[in-house]
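Shown below: structure_35.cif, with mmCIF, C-alpha atoms and all ligand atoms.
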data_my_file
loop_
_atom_site.label_atom_id
_atom_site.label_comp_id
_atom_site.auth_asym_id
_atom_site.auth_seq_id
_atom_site.Cartn_x
_atom_site.Cartn_y
_atom_site.Cartn_z
CA MET H 1 137.77 -90.15 124.01
CA LYS H 2 139.51 -86.77 123.75
CA ALA H 3 139.23 -85.06 120.36
CA VAL H 4 139.15 -81.69 118.61
CA VAL H 5 135.85 -81.03 116.86
CA ALA H 6 133.94 -78.36 114.94
CA ASN H 7 131.84 -76.24 117.30
CA GLY H 8 129.18 -75.56 114.66
CA GLN H 9 130.22 -71.89 114.40
CA ARG H 10 133.26 -72.14 112.12
CA GLU H 11 135.64 -72.70 115.03
CA ILE H 12 137.11 -75.76 116.68
CA GLU H 13 137.13 -76.92 120.30
CA PHE H 14 138.69 -79.60 122.49
CA VAL H 15 136.23 -82.16 123.91
CA THR H 16 136.54 -85.26 126.09
CA ASN H 17 133.36 -87.09 125.09
CA ALA H 18 133.93 -88.04 121.44
CA GLU H 19 133.07 -91.57 120.39
CA LYS H 20 135.98 -93.95 119.88
CA PRO H 21 135.90 -95.23 116.28
CA VAL H 22 135.65 -98.91 115.39
CA PRO H 23 137.70 -100.29 112.47
CA ASN H 24 135.59 -101.42 109.52
CA LYS H 25 136.54 -104.05 106.99
CA GLY H 26 140.00 -103.30 105.58
CA GLN H 27 140.80 -100.70 108.27
CA ILE H 28 143.21 -100.33 111.17
CA LEU H 29 142.54 -98.58 114.46
CA GLY H 30 145.54 -96.63 115.70
CA HIS H 31 146.35 -94.94 119.03
CA VAL H 32 147.42 -91.50 117.85
CA LEU H 33 150.90 -90.29 118.88
CA GLN H 34 151.19 -87.12 116.81
CA VAL H 35 149.21 -85.10 114.30
CA GLY H 36 150.43 -82.61 111.68
CA LEU H 37 148.60 -79.49 110.51
CA ASN H 38 147.75 -78.76 106.87
CA PRO H 39 146.23 -75.63 105.28
CA ILE H 40 143.10 -77.64 104.42
CA ASP H 41 142.49 -78.10 108.17
CA TRP H 42 141.99 -74.40 108.83
CA LYS H 43 140.48 -73.57 105.44
CA ILE H 44 137.62 -75.95 106.19
CA ALA H 45 137.40 -75.37 109.95
CA TYR H 46 137.01 -71.60 109.59
CA ASN H 47 135.08 -71.35 106.31
CA VAL H 48 132.76 -74.32 105.90
CA PRO H 49 129.66 -74.94 108.04
CA ILE H 50 130.72 -78.27 109.56
CA PRO H 51 128.18 -79.95 111.86
CA LYS H 52 129.00 -79.46 115.56
CA GLY H 53 130.94 -82.39 117.00
CA THR H 54 132.59 -83.52 113.73
CA ILE H 55 136.21 -84.46 114.43
CA GLY H 56 138.88 -82.80 112.23
CA GLY H 57 142.49 -83.52 111.34
CA THR H 58 144.48 -85.05 108.51
CA ASP H 59 148.14 -86.17 109.03
CA PHE H 60 148.90 -88.56 111.90
CA VAL H 61 151.34 -91.09 113.33
CA ALA H 62 149.79 -93.89 115.42
CA ILE H 63 150.43 -97.29 116.96
CA VAL H 64 148.03 -99.89 115.56
CA GLU H 65 145.89 -101.48 118.29
CA GLU H 66 143.16 -103.26 116.32
CA VAL H 67 142.42 -104.30 112.78
CA GLY H 68 139.17 -104.77 110.89
CA GLU H 69 138.08 -107.78 108.91
CA GLY H 70 140.50 -108.81 106.17
CA VAL H 71 143.55 -107.02 107.62
CA ASP H 72 146.57 -109.13 108.62
CA ALA H 73 146.85 -108.58 112.39
CA SER H 74 150.35 -110.08 112.53
CA LYS H 75 151.59 -107.41 110.13
CA TYR H 76 149.89 -104.40 111.70
CA ILE H 77 149.22 -104.79 115.45
CA GLY H 78 151.85 -102.86 117.42
CA ALA H 79 153.31 -101.21 114.32
CA ARG H 80 154.05 -97.48 114.17
CA VAL H 81 152.30 -96.20 111.07
CA SER H 82 151.65 -92.84 109.45
CA GLY H 83 148.97 -91.70 107.06
CA TRP H 84 146.28 -89.15 106.50
CA VAL H 85 142.52 -89.04 106.61
CA PRO H 86 140.09 -86.54 105.06
CA GLY H 87 139.20 -85.07 108.47
CA PHE H 88 136.12 -82.85 108.60
CA LEU H 89 135.05 -83.92 105.10
CA SER H 90 135.11 -87.60 105.81
CA ILE H 91 132.95 -90.50 106.72
CA SER H 92 136.05 -92.64 107.01
CA GLY H 93 138.42 -91.02 109.44
CA SER H 94 139.69 -87.96 111.34
CA ALA H 95 143.04 -87.55 113.07
CA TRP H 96 142.56 -85.06 115.93
CA ALA H 97 141.63 -87.66 118.50
CA GLU H 98 143.09 -90.32 120.74
CA TYR H 99 142.18 -92.95 118.14
CA VAL H 100 142.00 -92.92 114.37
CA CYS H 101 140.58 -95.46 111.92
CA THR H 102 141.72 -95.62 108.32
CA ASP H 103 142.24 -97.92 105.36
CA ALA H 104 145.15 -100.25 106.13
CA ARG H 105 146.60 -99.69 102.64
CA LEU H 106 146.70 -95.92 103.08
CA VAL H 107 149.27 -95.96 105.89
CA PHE H 108 153.01 -96.53 105.71
CA PHE H 109 155.19 -98.27 108.26
CA VAL H 110 157.47 -95.69 109.88
CA PRO H 111 161.11 -96.87 109.76
CA ASP H 112 162.82 -97.08 113.19
CA SER H 113 165.33 -94.44 112.09
CA ILE H 114 162.58 -91.83 111.50
CA VAL H 115 161.16 -90.02 114.54
CA SER H 116 157.38 -89.70 114.63
CA SER H 117 157.36 -85.91 114.19
CA LYS H 118 159.24 -86.26 110.88
CA ALA H 119 156.92 -89.02 109.68
CA CYS H 120 153.96 -86.82 110.55
CA ALA H 121 155.21 -84.19 108.09
CA VAL H 122 154.90 -86.58 105.17
CA PRO H 123 151.43 -87.93 104.27
CA VAL H 124 149.20 -85.17 102.78
CA ALA H 125 152.02 -83.17 101.22
CA LEU H 126 153.75 -86.23 99.74
CA THR H 127 150.46 -87.57 98.31
CA THR H 128 149.67 -84.20 96.72
CA ALA H 129 153.13 -83.84 95.16
CA SER H 130 153.11 -87.42 93.86
CA GLN H 131 149.62 -87.21 92.39
CA GLY H 132 150.71 -84.20 90.35
CA ILE H 133 154.15 -85.34 89.30
CA HIS H 134 153.75 -89.10 88.88
CA GLN H 135 150.11 -89.44 87.92
CA ARG H 136 149.21 -86.22 86.13
CA ILE H 137 152.55 -85.27 84.54
CA GLY H 138 153.76 -88.87 84.20
CA LEU H 139 157.32 -88.70 85.55
CA PRO H 140 158.47 -92.09 86.89
CA MET H 141 158.14 -92.91 90.59
CA PRO H 142 161.43 -92.86 92.56
CA ASN H 143 163.60 -95.97 92.39
CA PRO H 144 163.99 -97.73 95.76
CA ASP H 145 167.79 -97.44 95.41
CA GLY H 146 167.56 -93.67 94.93
CA SER H 147 169.02 -93.69 91.43
CA VAL H 148 167.79 -90.82 89.28
CA ASN H 149 165.64 -91.85 86.34
CA PRO H 150 167.55 -91.24 83.12
CA ILE H 151 164.92 -89.35 81.13
CA ARG H 152 165.03 -86.17 79.11
CA ARG H 153 166.60 -83.84 81.69
CA LYS H 154 164.01 -81.17 81.00
CA TRP H 155 163.70 -78.22 83.37
CA PHE H 156 161.01 -78.48 86.01
CA LEU H 157 159.82 -75.35 87.87
CA VAL H 158 158.52 -75.66 91.45
CA TRP H 159 156.83 -72.44 92.55
CA GLY H 160 156.67 -72.32 96.35
CA GLY H 161 159.59 -74.66 96.84
CA ALA H 162 159.63 -74.09 100.63
CA SER H 163 156.03 -75.16 101.16
CA SER H 164 155.41 -78.68 102.43
CA VAL H 165 154.03 -79.81 99.07
CA GLY H 166 156.74 -77.92 97.17
CA GLN H 167 159.57 -79.61 99.07
CA TYR H 168 158.34 -83.06 98.02
CA ALA H 169 157.66 -81.82 94.48
CA ILE H 170 161.31 -80.74 94.17
CA GLN H 171 162.54 -84.14 95.36
CA PHE H 172 160.18 -86.09 93.06
CA ALA H 173 161.00 -83.92 90.04
CA LYS H 174 164.73 -84.42 90.61
CA LEU H 175 164.40 -88.18 91.18
CA GLY H 176 162.18 -88.30 88.08
CA GLY H 177 165.10 -87.14 85.97
CA CYS H 178 164.50 -83.39 85.62
CA ASN H 179 166.64 -80.38 86.39
CA VAL H 180 164.81 -78.31 88.98
CA VAL H 181 164.43 -74.56 89.39
CA ALA H 182 162.41 -73.31 92.36
CA THR H 183 161.16 -70.16 94.07
CA CYS H 184 161.16 -69.38 97.81
CA SER H 185 162.32 -66.68 100.23
CA PRO H 186 166.10 -66.09 100.45
CA ASN H 187 166.29 -67.55 103.99
CA ASN H 188 165.33 -70.94 102.50
CA PHE H 189 167.66 -70.93 99.46
CA GLU H 190 170.26 -73.30 100.96
CA GLN H 191 167.69 -75.79 102.26
CA ILE H 192 165.85 -75.87 98.92
CA LYS H 193 169.08 -76.40 96.99
CA LYS H 194 169.89 -79.34 99.28
CA LEU H 195 166.59 -80.95 98.26
CA GLY H 196 167.68 -80.92 94.62
CA ALA H 197 167.00 -77.51 93.04
CA SER H 198 169.86 -76.32 90.81
CA PHE H 199 168.65 -72.71 90.88
CA VAL H 200 166.47 -70.95 93.45
CA PHE H 201 164.97 -67.48 93.02
CA ASP H 202 163.16 -65.14 95.38
CA TYR H 203 159.49 -64.96 94.41
CA HIS H 204 159.31 -61.41 95.82
CA ASP H 205 161.74 -60.22 93.12
CA SER H 206 159.88 -58.39 90.34
CA HIS H 207 162.27 -59.93 87.78
CA VAL H 208 161.83 -63.51 89.00
CA VAL H 209 160.24 -64.77 85.75
CA GLU H 210 163.05 -63.36 83.58
CA LYS H 211 165.65 -64.80 85.97
CA ILE H 212 164.10 -68.29 85.74
CA LYS H 213 164.03 -68.09 81.93
CA GLN H 214 167.63 -66.92 81.79
CA ALA H 215 168.98 -69.54 84.23
CA THR H 216 167.21 -72.39 82.39
CA ASN H 217 168.04 -71.12 78.94
CA ASP H 218 164.30 -70.67 78.34
CA SER H 219 163.72 -74.41 78.78
CA VAL H 220 161.03 -74.97 81.45
CA PHE H 221 158.61 -77.62 80.16
CA PHE H 222 157.14 -78.95 83.43
CA GLY H 223 155.93 -77.08 86.50
CA TYR H 224 154.29 -77.50 89.89
CA ASP H 225 152.76 -74.41 91.48
CA ALA H 226 152.45 -75.45 95.13
CA ILE H 227 150.90 -72.08 96.05
CA SER H 228 148.46 -71.56 93.13
CA LEU H 229 147.28 -68.03 93.83
CA PRO H 230 146.20 -66.23 90.64
CA HIS H 231 149.49 -64.29 90.42
CA THR H 232 151.70 -67.34 91.12
CA ILE H 233 149.92 -69.36 88.43
CA THR H 234 150.38 -66.54 85.92
CA LYS H 235 154.07 -66.16 86.77
CA SER H 236 154.64 -69.92 86.65
CA ILE H 237 153.06 -70.11 83.20
CA MET H 238 155.04 -67.10 81.96
CA ALA H 239 158.28 -68.79 83.11
CA PHE H 240 157.71 -71.76 80.76
CA SER H 241 159.76 -71.98 77.59
CA SER H 242 158.74 -69.76 74.66
CA GLU H 243 158.81 -72.99 72.65
CA ALA H 244 156.47 -74.89 74.99
CA LYS H 245 153.66 -76.88 73.38
CA ALA H 246 151.38 -79.06 75.52
CA ALA H 247 153.81 -78.44 78.42
CA LYS H 248 152.33 -79.26 81.83
CA LEU H 249 151.78 -77.15 84.96
CA VAL H 250 150.22 -78.75 88.05
CA THR H 251 148.29 -76.48 90.41
CA VAL H 252 146.99 -77.27 93.89
CA LEU H 253 144.05 -74.88 93.72
CA GLY H 254 142.03 -74.15 90.66
CA PRO H 255 140.83 -73.98 88.04
CA PRO H 256 143.44 -71.39 87.06
CA GLU H 257 143.38 -68.57 84.53
CA ASN H 258 145.73 -69.58 81.74
CA PRO H 259 147.29 -66.80 79.65
CA ARG H 260 149.15 -69.34 77.45
CA ALA H 261 146.61 -72.13 76.98
CA GLU H 262 148.06 -72.98 73.57
CA ALA H 263 151.46 -73.68 75.14
CA VAL H 264 150.87 -74.91 78.70
CA ASP H 265 148.23 -77.36 79.93
CA THR H 266 147.19 -76.75 83.53
CA ILE H 267 146.12 -79.66 85.72
CA THR H 268 144.65 -79.19 89.19
CA VAL H 269 145.25 -81.97 91.72
CA PHE H 270 142.88 -82.89 94.55
CA SER H 271 144.62 -85.35 96.84
CA PHE H 272 141.34 -86.41 98.49
CA THR H 273 140.53 -88.48 95.40
CA ALA H 274 142.90 -91.05 96.93
CA PHE H 275 139.93 -92.01 99.11
CA ASN H 276 137.06 -93.78 97.45
CA GLU H 277 134.50 -91.37 98.80
CA GLU H 278 132.33 -88.53 97.60
CA PHE H 279 133.20 -85.12 99.06
CA GLU H 280 131.36 -81.85 99.17
CA PHE H 281 134.28 -79.46 98.70
CA PHE H 282 133.45 -75.73 98.93
CA GLY H 283 130.09 -76.39 97.27
CA GLU H 284 131.45 -78.76 94.60
CA LYS H 285 130.93 -82.51 94.51
CA MET H 286 134.24 -84.38 94.20
CA VAL H 287 134.56 -88.13 93.94
CA GLY H 288 137.47 -90.43 94.61
CA ASN H 289 138.60 -93.09 92.18
CA ASP H 290 140.39 -96.43 92.15
CA GLU H 291 143.33 -95.21 90.13
CA ASP H 292 144.25 -92.52 92.67
CA TYR H 293 143.61 -94.92 95.55
CA GLU H 294 145.88 -97.58 94.05
CA HIS H 295 148.57 -95.01 93.27
CA THR H 296 148.57 -93.74 96.86
CA ALA H 297 148.68 -97.28 98.27
CA LYS H 298 151.68 -98.01 96.02
CA LEU H 299 153.35 -94.73 97.02
CA PHE H 300 152.91 -95.53 100.72
CA GLU H 301 154.39 -98.99 100.21
CA LEU H 302 157.47 -97.39 98.68
CA VAL H 303 157.83 -94.44 101.04
CA SER H 304 159.08 -96.44 104.05
CA THR H 305 162.14 -97.46 102.01
CA LEU H 306 162.60 -93.95 100.59
CA LEU H 307 162.57 -92.46 104.11
CA GLU H 308 164.77 -95.14 105.62
CA LYS H 309 167.44 -94.67 102.96
CA GLY H 310 167.22 -90.87 103.08
CA ILE H 311 166.10 -90.75 99.42
CA ILE H 312 163.16 -88.57 100.42
CA VAL H 313 163.74 -86.05 103.21
CA PRO H 314 160.73 -84.97 105.33
CA ASN H 315 159.94 -81.32 106.05
CA ALA H 316 161.45 -79.55 109.06
CA THR H 317 158.99 -79.53 111.97
CA ARG H 318 157.97 -77.35 114.87
CA GLU H 319 156.64 -79.50 117.69
CA PHE H 320 153.86 -78.49 120.07
CA HIS H 321 153.44 -80.17 123.46
CA GLY H 322 150.38 -80.26 125.71
CA GLY H 323 148.21 -82.75 123.85
CA LEU H 324 145.17 -82.32 121.64
CA GLU H 325 144.16 -79.32 123.81
CA VAL H 326 146.73 -77.10 122.06
CA ILE H 327 145.36 -77.68 118.53
CA PRO H 328 142.90 -74.73 118.50
CA ASP H 329 145.73 -72.25 119.26
CA ALA H 330 148.28 -73.99 117.02
CA LEU H 331 145.82 -74.05 114.09
CA ARG H 332 145.07 -70.35 114.54
CA GLU H 333 148.80 -69.57 114.46
CA PHE H 334 149.33 -71.83 111.42
CA ALA H 335 146.46 -70.12 109.58
CA SER H 336 148.09 -66.71 110.10
CA GLY H 337 150.63 -67.88 107.49
CA ASN H 338 153.73 -66.55 109.27
CA HIS H 339 155.56 -69.89 109.23
CA SER H 340 158.34 -70.63 106.77
CA ALA H 341 159.37 -74.05 105.46
CA VAL H 342 158.07 -75.83 108.54
CA LYS H 343 155.33 -78.31 109.39
CA PHE H 344 153.44 -77.85 112.69
CA VAL H 345 153.28 -81.15 114.59
CA ILE H 346 151.34 -81.72 117.82
CA ASN H 347 152.33 -84.37 120.36
CA VAL H 348 149.10 -86.03 121.39
N1 LIG M 1 144.86 -79.81 96.07
C1 LIG M 1 145.25 -80.53 97.11
O1 LIG M 1 144.94 -81.73 97.20
C2 LIG M 1 146.11 -79.92 98.16
C3 LIG M 1 146.76 -80.74 99.11
C4 LIG M 1 147.64 -80.13 100.02
C5 LIG M 1 147.80 -78.76 100.02
N2 LIG M 1 147.10 -78.01 99.12
C6 LIG M 1 147.27 -76.55 99.08
O2 LIG M 1 148.62 -76.32 98.71
C7 LIG M 1 149.07 -75.11 99.30
C8 LIG M 1 150.40 -75.39 99.99
O3 LIG M 1 150.19 -76.26 101.10
P1 LIG M 1 151.41 -76.59 102.06
O4 LIG M 1 150.95 -77.45 103.17
O5 LIG M 1 152.54 -77.05 101.24
O6 LIG M 1 151.69 -75.10 102.60
P2 LIG M 1 152.74 -74.55 103.66
O7 LIG M 1 153.79 -75.55 103.94
O8 LIG M 1 151.98 -74.00 104.81
O9 LIG M 1 153.38 -73.33 102.81
C9 LIG M 1 154.12 -72.36 103.45
C10 LIG M 1 155.18 -71.84 102.51
O10 LIG M 1 154.57 -71.22 101.38
C11 LIG M 1 155.54 -70.37 100.77
N3 LIG M 1 154.86 -69.29 100.05
C12 LIG M 1 153.88 -68.48 100.52
N4 LIG M 1 153.50 -67.60 99.54
C13 LIG M 1 154.27 -67.86 98.46
C14 LIG M 1 154.37 -67.29 97.16
N5 LIG M 1 153.60 -66.26 96.78
N6 LIG M 1 155.27 -67.81 96.29
C15 LIG M 1 156.06 -68.85 96.67
N7 LIG M 1 156.02 -69.43 97.91
C16 LIG M 1 155.15 -68.93 98.78
C17 LIG M 1 156.37 -69.83 101.91
O11 LIG M 1 157.71 -69.91 101.47
P3 LIG M 1 158.90 -68.98 102.08
O12 LIG M 1 158.89 -69.31 103.54
O13 LIG M 1 160.12 -69.42 101.38
O14 LIG M 1 158.50 -67.56 101.80
C18 LIG M 1 156.07 -70.79 103.09
O15 LIG M 1 157.21 -71.40 103.62
C19 LIG M 1 147.94 -74.63 100.22
O16 LIG M 1 147.15 -73.67 99.55
C20 LIG M 1 147.12 -75.89 100.44
O17 LIG M 1 145.78 -75.63 100.77
C21 LIG M 1 146.28 -78.55 98.19
#

Could you write out this file's structure as structure tokens?
Amino acid sequence: MKAVVANGQREIEFVTNAEKPVPNKGQILGHVLQVGLNPIDWKIAYNVPIPKGTIGGTDFVAIVEEVGEGVDASKYIGARVSGWVPGFLSISGSAWAEYVCTDARLVFFVPDSIVSSKACAVPVALTTASQGIHQRIGLPMPNPDGSVNPIRRKWFLVWGGASSVGQYAIQFAKLGGCNVVATCSPNNFEQIKKLGASFVFDYHDSHVVEKIKQATNDSVFFGYDAISLPHTITKSIMAFSSEAKAAKLVTVLGPPENPRAEAVDTITVFSFTAFNEEFEFFGEKMVGNDEDYEHTAKLFELVSTLLEKGIIVPNATREFHGGLEVIPDALREFASGNHSAVKFVINV
């Protein structure tokens, strides 16, 4: 089958002779319609010595053609589903190919009202935001009727509100009952407010921390740094309330330096733990666990309803045509980091 693979020299290439996967017990085999790009795709492709011929790719939308043992064929065959797989790091699935195999519980059924490109912008980023906000911070999951959970109304900071992960973090924080303040570039202010942020500030502004503290009356007690560079982690922590004690900041890269360890706990998420596998991640051994797997399966059960009712809004997308062949160029462009508030989606 056609696929995009590592070339053994920290680059990727299009091939036509990859082996079609076979669904194992508990898995589905899907005919891939679209794939979405994530930063992890290029970070690994260009920096990690991946064996030549390993297929890459994470987010996908596919039509289910076969199921493995123990999977209800009547429920899955012919369905349009979306999910993500660990790509280059995985023994259990990669998306940049004509066919993908994955755990049947780690896909969601795409509602008829949602086009495939929008669905493709959901899986990795949504999982990462939910792991941080629902599992690590402990805010409640969204209600299927979209009602906001009536909790303490504390302020929640999302740094990098225009990133794919940040956009879902804003929506989950709001639905979880918090008031949200976010940072992004001025061209994205309106869009980020529509997702639920009450205040949005430009992260390029040298007074951004003071402005966040002033707007929230010095009351940030939760945070999600969807960028997690050393300077964004420091600024996020400094924007927390002066009265914070055991407040919680989620980071997506880590472990972070913490200038206020007595006031703010930092928690680094690693979405790949949703898969019950062991990963070698930039020289470190990481293992999946049942709790994260079960959480993600539950999230994906709920997300079809949330998307159908417009309770969760997917990222804006930029679509690429021309099939899997265009992935090497699209990934190079994505890695240059010049995109803003948009998910790159490739029509396979
Ligand atoms: N730990 C995990 O499991 C996990 C999972 C997924 C992703 N990640 C990581 O999370 C990060 C975000 O991923 P993503 O897919 O959401 O990225 P993305 O959509 O490609 O992020 C692009 C956006 O980042 C914003 N941005 C860039 N620099 C910023 C800064 N200094 N402050 C605030 N915003 C900034 C830009 O906002 P403006 O356009 O408004 O300037 C841009 O729109 C990546 O580093 C990725 O590797 C980790």

Inset, instruction - Kindly give the distance, in Å, that separates CA of Ser340 in chain H and CA of Ile40 in chain H, rounded to a single decimal. - result: 16.9 Å

Please tabulate, as CSV, the residues of range 166-278 of chain H that come within 12 Å of range 289-312 of chain H, each with its closest pair of atoms and the distance in Å to one decimal, counting only C-alpha atoms and ordering rows by chain, then residue number upward.
residue,atom,partner,partner_atom,distance
H:Gln167,CA,H:Ile312,CA,9.7
H:Tyr168,CA,H:Ile312,CA,7.7
H:Ala169,CA,H:Ile312,CA,10.5
H:Ile170,CA,H:Ile312,CA,10.2
H:Gln171,CA,H:Ile312,CA,6.8
H:Phe172,CA,H:Ile312,CA,8.3
H:Ala173,CA,H:Ile312,CA,11.6
H:Lys174,CA,H:Ile312,CA,10.8
H:Leu175,CA,H:Ile311,CA,8.8
H:Lys194,CA,H:Ile312,CA,11.5
H:Leu195,CA,H:Ile312,CA,8.6
H:Gly196,CA,H:Ile312,CA,10.6
H:Val269,CA,H:Asp292,CA,10.6
H:Phe270,CA,H:Asp292,CA,9.9
H:Ser271,CA,H:Asp292,CA,8.3
H:Phe272,CA,H:Asp292,CA,8.9
H:Thr273,CA,H:Asn289,CA,5.9
H:Ala274,CA,H:Tyr293,CA,4.2
H:Phe275,CA,H:Tyr293,CA,5.9
H:Asn276,CA,H:Asn289,CA,5.5
H:Glu277,CA,H:Asn289,CA,8.0
H:Glu278,CA,H:Asn289,CA,9.5

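Between atom C15 of ligand LIG 1 (chain M) and CA of Gly176 in chain H lies a distance of 22.1 Å.
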
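Closest approach to Val67 in chain H among H:Leu331, H:Val148, H:Ala3, H:Ile28: H:Ile28, based on only C-alpha atoms.
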
Inset, instruction - For ligand LIG 1 (chain M), list the contacting residues at 6 Å or closer, counting all atoms listed in the file, as number ranges by chain. - result: H: 38-40, 124-125, 128, 159-160, 162-166, 183-185, 188, 203, 226-227, 252-253, 269-271, 340-341

Could you write out that same residue set with C-alpha atoms as an mmCIF file, in the coordinates of the input?
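Saved to again-v8.cif:
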data_model
loop_
_atom_site.group_PDB
_atom_site.id
_atom_site.type_symbol
_atom_site.label_atom_id
_atom_site.label_comp_id
_atom_site.auth_asym_id
_atom_site.auth_seq_id
_atom_site.Cartn_x
_atom_site.Cartn_y
_atom_site.Cartn_z
ATOM 1 C CA ASN H 38 147.750 -78.760 106.870
ATOM 2 C CA PRO H 39 146.230 -75.630 105.280
ATOM 3 C CA ILE H 40 143.100 -77.640 104.420
ATOM 4 C CA VAL H 124 149.200 -85.170 102.780
ATOM 5 C CA ALA H 125 152.020 -83.170 101.220
ATOM 6 C CA THR H 128 149.670 -84.200 96.720
ATOM 7 C CA TRP H 159 156.830 -72.440 92.550
ATOM 8 C CA GLY H 160 156.670 -72.320 96.350
ATOM 9 C CA ALA H 162 159.630 -74.090 100.630
ATOM 10 C CA SER H 163 156.030 -75.160 101.160
ATOM 11 C CA SER H 164 155.410 -78.680 102.430
ATOM 12 C CA VAL H 165 154.030 -79.810 99.070
ATOM 13 C CA GLY H 166 156.740 -77.920 97.170
ATOM 14 C CA THR H 183 161.160 -70.160 94.070
ATOM 15 C CA CYS H 184 161.160 -69.380 97.810
ATOM 16 C CA SER H 185 162.320 -66.680 100.230
ATOM 17 C CA ASN H 188 165.330 -70.940 102.500
ATOM 18 C CA TYR H 203 159.490 -64.960 94.410
ATOM 19 C CA ALA H 226 152.450 -75.450 95.130
ATOM 20 C CA ILE H 227 150.900 -72.080 96.050
ATOM 21 C CA VAL H 252 146.990 -77.270 93.890
ATOM 22 C CA LEU H 253 144.050 -74.880 93.720
ATOM 23 C CA VAL H 269 145.250 -81.970 91.720
ATOM 24 C CA PHE H 270 142.880 -82.890 94.550
ATOM 25 C CA SER H 271 144.620 -85.350 96.840
ATOM 26 C CA SER H 340 158.340 -70.630 106.770
ATOM 27 C CA ALA H 341 159.370 -74.050 105.460
#

Legend entry - Computed interatomic separation between CA of Gln34 in chain H and CA of Phe60 in chain H (Å): 5.6 Å

Inset, instruction - Fewer than 4 positions away in the same chain doesn't count, so skip those; otherwise give me all residues within 10 Å of Arg153 in chain H, counting all atoms listed in the file, as a ChimeraX atom specification. - result: /H:149,174,176-180

Legend entry - Residue with smallest distance to Thr54 in chain H - pool H:Trp84, H:Val22, H:Trp96, H:Gly78, counting all atoms listed in the file: H:Trp96

Inset, instruction - Around the point (160.0, -75.6, 81.9), in the coordinates given by the file, pick out the residues reaching within 8 Å, counting all atoms listed in the file, and return them as a count of residues only. - result: 16

For range 131-147 of chain H, take all atoms listed in the file, fit an axis-aligned box around them, add 6 Å to each of the six sides, then output centre and edge lengths in Å rounded to one decimal, as AutoDock Vina command-line options.
--center_x 159.1 --center_y -91.0 --center_z 90.0 --size_x 31.8 --size_y 25.5 --size_z 23.6

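Nearest residue to Ser94 in chain H among H:Lys25, H:Arg260, H:Lys20, H:Lys211 is H:Lys20, counting all atoms listed in the file.
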
Inset, instruction - Using only C-alpha atoms, find all polymer residues with an atom at most 12 Å away from the point (143.6, -91.7, 111.2); report them as a PyMOL selection string. - result: chain H and resi 20-23+27-36+55-64+81-88+90-104+106-108+120+123

Legend entry - Top pick for closest residue to Ile233 in chain H, considering H:Val158, H:Val122, H:Ile192, H:Gly288 and counting only C-alpha atoms: H:Val158

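Closest approach to Asp265 in chain H among H:Tyr224, H:Phe344, H:Tyr46, H:Phe109 is made by H:Tyr224 (distances from only C-alpha atoms).
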
Inset, instruction - Tell me, as a VMD selection string, which residues lie within 9 Å of Asp202 in chain H, counting only C-alpha atoms; anything in the same chain fewer than 2 positions away does not count. - result: chain H and resid 182 to 186 189 200 204 to 205 208

Take range 279-289 of chain H, bring it up to N, CA and C atoms, and give me the output as a CSV table (one decimal), in the frame of the given file.
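Just written: out.csv:
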chain,number,residue,atom,x,y,z
H,279,PHE,N,133.0,-86.3,98.2
H,279,PHE,CA,133.2,-85.1,99.1
H,279,PHE,C,132.4,-83.9,98.6
H,280,GLU,N,131.9,-83.2,99.5
H,280,GLU,CA,131.4,-81.8,99.2
H,280,GLU,C,132.5,-80.9,99.5
H,281,PHE,N,133.1,-80.3,98.5
H,281,PHE,CA,134.3,-79.5,98.7
H,281,PHE,C,134.0,-78.0,98.3
H,282,PHE,N,133.8,-77.1,99.2
H,282,PHE,CA,133.4,-75.7,98.9
H,282,PHE,C,132.3,-75.7,97.9
H,283,GLY,N,131.3,-76.4,98.1
H,283,GLY,CA,130.1,-76.4,97.3
H,283,GLY,C,130.2,-77.3,96.0
H,284,GLU,N,131.3,-77.9,95.8
H,284,GLU,CA,131.4,-78.8,94.6
H,284,GLU,C,131.5,-80.2,95.0
H,285,LYS,N,130.9,-81.1,94.2
H,285,LYS,CA,130.9,-82.5,94.5
H,285,LYS,C,132.2,-83.1,93.9
H,286,MET,N,133.0,-83.8,94.7
H,286,MET,CA,134.2,-84.4,94.2
H,286,MET,C,134.2,-85.9,94.6
H,287,VAL,N,134.6,-86.7,93.6
H,287,VAL,CA,134.6,-88.1,93.9
H,287,VAL,C,136.0,-88.7,93.8
H,288,GLY,N,136.2,-89.7,94.7
H,288,GLY,CA,137.5,-90.4,94.6
H,288,GLY,C,137.4,-91.4,93.5
H,289,ASN,N,138.6,-92.1,93.2
H,289,ASN,CA,138.6,-93.1,92.2
H,289,ASN,C,139.7,-94.1,92.5
